[in-house]
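Data file: work-v7.cif. Format and content: mmCIF, C-alpha atoms.
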data_input
#
loop_
_atom_site.label_atom_id
_atom_site.label_comp_id
_atom_site.auth_asym_id
_atom_site.auth_seq_id
_atom_site.Cartn_x
_atom_site.Cartn_y
_atom_site.Cartn_z
CA MET A 1 95.49 124.27 72.09
CA PHE A 2 94.04 122.60 75.19
CA LEU A 3 93.10 119.49 73.22
CA LYS A 4 96.54 119.36 71.63
CA ASN A 5 98.31 119.56 74.97
CA CYS A 6 95.90 117.08 76.52
CA SER A 7 96.20 114.55 73.70
CA GLU A 8 99.80 114.77 72.52
CA TYR A 9 101.55 115.33 75.83
CA SER A 10 99.23 114.07 78.57
CA ILE A 11 98.84 110.77 76.70
CA LEU A 12 102.15 109.75 78.28
CA ALA A 13 100.50 109.98 81.68
CA LEU A 14 98.70 106.75 80.80
CA ILE A 15 101.92 104.87 81.56
CA PRO A 16 102.00 105.50 85.33
CA LEU A 17 98.20 105.37 85.48
CA ALA A 18 98.22 101.88 83.94
CA VAL A 19 101.00 100.69 86.26
CA TRP A 20 99.23 102.00 89.35
CA SER A 21 95.95 100.43 88.23
CA ILE A 22 97.67 97.04 88.12
CA VAL A 23 99.27 97.55 91.54
CA VAL A 24 96.05 98.72 93.21
CA ASN A 25 94.01 95.88 91.70
CA ILE A 26 96.56 93.34 92.97
CA LEU A 27 96.41 94.83 96.47
CA LEU A 28 92.65 94.19 96.54
CA TYR A 29 93.43 90.47 96.63
CA PHE A 30 95.39 90.80 99.87
CA PRO A 31 93.40 92.66 102.53
CA ASN A 32 95.84 93.63 105.28
CA GLY A 33 98.52 91.74 103.35
CA ASP A 34 96.85 88.38 103.98
CA ASN A 35 96.61 86.00 101.01
CA THR A 36 94.40 83.39 102.68
CA TYR A 37 91.18 85.19 101.76
CA ALA A 38 91.98 85.13 98.06
CA ALA A 39 92.89 81.45 98.29
CA ASN A 40 89.56 80.71 99.98
CA ASN A 41 87.59 82.92 97.56
CA GLN A 42 86.48 85.20 100.41
CA LEU A 43 86.83 88.47 98.52
CA THR A 44 84.25 90.73 96.95
CA ASN A 45 83.23 89.40 93.55
CA TYR A 46 84.20 92.64 91.79
CA VAL A 47 87.92 92.03 92.32
CA TRP A 48 87.67 89.03 89.98
CA TYR A 49 86.72 91.19 87.00
CA PHE A 50 90.44 92.15 86.63
CA GLN A 51 89.43 95.71 85.76
CA GLY A 52 92.66 97.25 86.98
CA ILE A 53 95.04 94.48 85.89
CA CYS A 54 93.77 93.62 82.41
CA PHE A 55 91.71 96.58 81.25
CA ALA A 56 92.97 99.80 82.88
CA GLY A 57 96.43 98.24 83.10
CA ILE A 58 97.67 95.86 80.42
CA MET A 59 95.17 96.72 77.66
CA VAL A 60 95.55 100.48 78.10
CA GLY A 61 99.34 100.02 78.08
CA ILE A 62 99.16 98.10 74.79
CA LEU A 63 96.85 100.69 73.26
CA LEU A 64 99.16 103.48 74.38
CA TYR A 65 102.04 101.78 72.55
CA VAL A 66 99.92 101.54 69.39
CA VAL A 67 98.77 105.17 69.63
CA LEU A 68 102.35 106.36 70.09
CA TYR A 69 103.33 104.27 67.07
CA PHE A 70 100.69 106.00 64.96
CA ASN A 71 101.81 109.40 66.23
CA CYS A 72 105.47 108.77 65.42
CA TRP A 73 104.83 107.07 62.09
CA LYS A 74 103.98 110.37 60.42
CA GLU A 75 107.61 111.45 60.75
CA TYR A 76 108.74 108.75 58.32
CA LYS A 77 106.07 108.65 55.63
CA ALA A 78 106.75 109.43 52.00
CA LEU A 79 105.81 112.93 50.87
CA ILE A 80 103.78 111.75 47.89
CA PHE A 81 101.36 109.92 50.20
CA ILE A 82 101.22 112.59 52.91
CA PHE A 83 97.49 113.24 52.66
CA ILE A 84 96.49 109.57 52.75
CA TYR A 85 98.92 108.65 55.49
CA PHE A 86 97.99 111.66 57.62
CA HIS A 87 94.36 110.65 57.67
CA PHE A 88 95.14 106.99 58.27
CA GLN A 89 97.50 107.85 61.11
CA SER A 90 95.06 110.23 62.80
CA LEU A 91 92.04 108.01 62.30
CA GLY A 92 93.90 104.92 63.51
CA SER A 93 95.14 106.82 66.56
CA ALA A 94 91.56 107.97 67.29
CA LEU A 95 90.17 104.44 67.00
CA PHE A 96 92.70 102.97 69.41
CA ALA A 97 92.25 105.88 71.80
CA LEU A 98 88.51 105.14 71.68
CA LEU A 99 89.29 101.57 72.74
CA GLY A 100 91.24 103.12 75.60
CA VAL A 101 88.09 105.00 76.62
CA LEU A 102 86.12 101.73 76.59
CA PHE A 103 88.70 99.76 78.58
CA SER A 104 89.26 102.44 81.21
CA GLY A 105 85.51 103.09 81.29
CA TYR A 106 84.97 99.41 82.06
CA SER A 107 87.39 99.67 84.95
CA LEU A 108 85.63 102.82 86.16
CA ILE A 109 82.21 101.16 86.13
CA ILE A 110 83.29 97.90 87.78
CA SER A 111 85.24 99.73 90.48
CA SER A 112 82.25 101.99 91.16
CA LEU A 113 80.00 98.95 91.51
CA GLY A 114 82.51 97.32 93.86
CA LEU A 115 82.65 100.46 95.99
CA SER A 116 78.86 100.76 96.07
CA GLN A 117 78.32 97.10 96.98
CA GLY A 118 80.82 97.07 99.79
CA PRO A 119 83.15 94.25 100.88
CA TYR A 120 82.44 90.58 101.29
CA CYS A 121 83.22 89.84 104.93
CA ARG A 122 82.40 87.68 107.91
CA THR A 123 79.67 89.08 110.12
CA GLU A 124 77.96 87.63 113.17
CA THR A 125 75.68 85.68 110.84
CA GLY A 126 78.42 84.41 108.50
CA TRP A 127 80.07 85.54 105.29
CA SER A 128 77.99 88.01 103.29
CA TYR A 129 77.75 91.48 101.75
CA PRO A 130 76.33 93.44 104.72
CA PHE A 131 76.25 96.74 102.81
CA ALA A 132 74.91 95.49 99.48
CA ASN A 133 71.47 97.07 99.96
CA THR A 134 72.68 100.45 101.19
CA ASN A 135 73.40 101.82 97.68
CA GLY A 136 76.72 103.10 98.95
CA GLY A 137 75.19 104.73 102.02
CA TYR A 138 77.57 102.81 104.25
CA LEU A 139 80.39 105.04 102.98
CA VAL A 140 79.23 107.88 105.22
CA GLN A 141 78.21 105.63 108.13
CA SER A 142 81.53 104.55 109.55
CA SER A 143 79.83 103.26 112.69
CA SER A 144 78.35 100.42 110.63
CA TRP A 145 81.74 99.20 109.42
CA SER A 146 82.23 97.19 112.59
CA GLN A 147 79.74 94.65 111.20
CA CYS A 148 82.68 93.21 109.25
CA LEU A 149 84.62 91.08 111.70
CA GLU A 150 86.97 89.53 109.17
CA PRO A 151 89.19 90.40 107.29
CA GLY A 152 90.35 93.14 109.61
CA ASN A 153 89.79 96.69 108.33
CA VAL A 154 88.42 95.26 105.08
CA VAL A 155 85.92 98.11 104.70
CA GLU A 156 88.61 100.77 104.78
CA TRP A 157 90.83 98.60 102.56
CA ASN A 158 88.15 98.29 99.88
CA ILE A 159 87.04 101.92 100.06
CA ILE A 160 90.56 103.27 99.63
CA LEU A 161 91.64 100.92 96.85
CA PHE A 162 88.39 101.03 94.85
CA SER A 163 88.39 104.83 95.16
CA ILE A 164 91.94 104.97 93.82
CA LEU A 165 90.96 102.70 90.93
CA ILE A 166 88.00 104.96 90.16
CA ALA A 167 90.24 108.04 90.13
CA LEU A 168 92.88 106.36 87.94
CA SER A 169 90.27 105.07 85.49
CA ALA A 170 88.53 108.45 85.32
CA LEU A 171 91.82 110.14 84.43
CA GLN A 172 92.43 107.54 81.74
CA VAL A 173 88.96 108.12 80.29
CA ILE A 174 89.55 111.89 80.15
CA ILE A 175 92.97 111.58 78.53
CA CYS A 176 91.85 109.02 75.95
CA LEU A 177 88.69 110.99 75.17
CA CYS A 178 90.73 114.15 74.58
CA LYS A 179 92.95 112.14 72.23
CA VAL A 180 89.93 110.84 70.31
CA ILE A 181 88.46 114.34 69.89
CA TYR A 182 91.78 115.87 68.90
CA ASP A 183 92.52 113.24 66.25
CA LEU A 184 89.01 113.41 64.82
CA VAL A 185 89.29 117.20 64.59
CA LYS A 186 92.56 116.76 62.69
CA VAL A 187 90.92 114.30 60.30
CA LEU A 188 87.73 116.28 59.69
CA CYS A 189 88.92 119.86 59.94
CA GLY A 190 92.68 119.77 59.46
CA THR A 191 94.46 121.43 56.60
CA HIS A 192 97.53 119.93 54.99
CA LYS A 193 100.09 121.38 52.64
CA ILE A 194 102.04 119.40 50.07
CA LEU A 195 105.22 121.05 48.96
CA ALA A 196 105.86 120.69 45.25
CA GLN A 197 109.46 120.51 44.12
CA PRO A 198 110.31 122.78 41.17
CA ASP A 199 111.30 121.06 37.95
CA HIS A 200 114.99 121.17 37.14
CA VAL A 201 115.76 123.05 33.96
#
Take the structure in this file and express it as structure tokens.
Amino acid sequence: MFLKNCSEYSILALIPLAVWSIVVNILLYFPNGDNTYAANNQLTNYVWYFQGICFAGIMVGILLYVVLYFNCWKEYKALIFIFIYFHFQSLGSALFALLGVLFSGYSLIISSLGLSQGPYCRTETGWSYPFANTNGGYLVQSSSWSQCLEPGNVVEWNIILFSILIALSALQVIICLCKVIYDLVKVLCGTHKILAQPDHV
């Protein structure tokens, strides 16, 4: 029952998750609302992987449309082919949901790497990644954030937005994975009944 609720109903939650992933990824290009840093390529390299825009956003949205198509298609299939169509529909839905796991997982990994590396910013010695060798330790050492002189508040900006992307991607992975498991269970363990019409005398 949990898998059914998670897969058939929570799958719709991918819509706002995909939209927010796009929005958050776009915001990463404009620290403090300033577009000059993107124009001068003075942003952390992990924002150029388009993990929130293309993968957790557009691609997951497309896959959601396809999965919903497979789920609705079963309402219109011919009775004589019910067994074949049921398996094709469930298996196809599982395969596209698995792609959703891969795309959102990509966004999760890239965002985690971006958070661990820290921002690209101007320090007293020039533009660099001052926290690249801390393995994410800078996250709990707020006193070291002042090393970044420009863009203003870029450390907080990156931490908040990358953390949101990680949370959104993790939710997408969970939802898509539940959908994969549920559809595979239907294919491998489901039972189906075909109603035979009595012959007219």
Expected axis-aligned box over every listed atom of segment 95-109 of chain A, 6 Å added per side, centre plus edges in Å to one decimal, as lines of an AutoDock Vina configuration file:
center_x = 87.5
center_y = 102.6
center_z = 76.6
size_x = 22.5
size_y = 18.5
size_z = 31.2
Quiz prompt | Straight-line distance linking atom CA of Trp20 of chain A with atom CA of Tyr37 of chain A, stated in Å to one decimal | solution = 22.4 Å
Practice problem: For Asn153 of chain A, list every protein, DNA or RNA residue within 12 Å, evaluated using all atoms listed in the file, and leave out those in the same chain fewer than 6 positions away; present the list as a ChimeraX atom specification. | Solution: /A:30-34,119-122,142,145-147,159-160
Exercise. For atom CA of Val66 of chain A and atom CA of Cys189 of chain A, quote the distance in Å rounded to one decimal.
Key: 23.4 Å
Quiz item: List as number ranges by chain: which residues have an atom within 9 Å of (86.6, 91.6, 92.5), counting only C-alpha atoms?
Solution: A: 25, 28-29, 43-51, 110-111, 114
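Proximity ranking of A:Ile26, A:Ile166, A:Leu95, A:Ile53 relative to Leu108 of chain A places A:Ile166 first, based on all atoms listed in the file.
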Quiz item: Mind pulling up the distance from atom CA of Leu63 of chain A to atom CA of Phe96 of chain A?
Solution: 6.1 Å
Exercise. Would you please work out which residue, of A:Gly61, A:Ile181, A:Val140, A:Pro151, is nearest to Ala38 of chain A when using only C-alpha atoms?
Key: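 With only C-alpha atoms as the atom set, the closest residue is A:Pro151.
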Exercise. Tell me which residues the PyMOL selection byres ((chain A and resi 102) around 12) grabs here, as a ChimeraX atom specification.
Key: /A:51,55-56,59-60,63,95-101,103-109,169-170,172-174,176-177,180
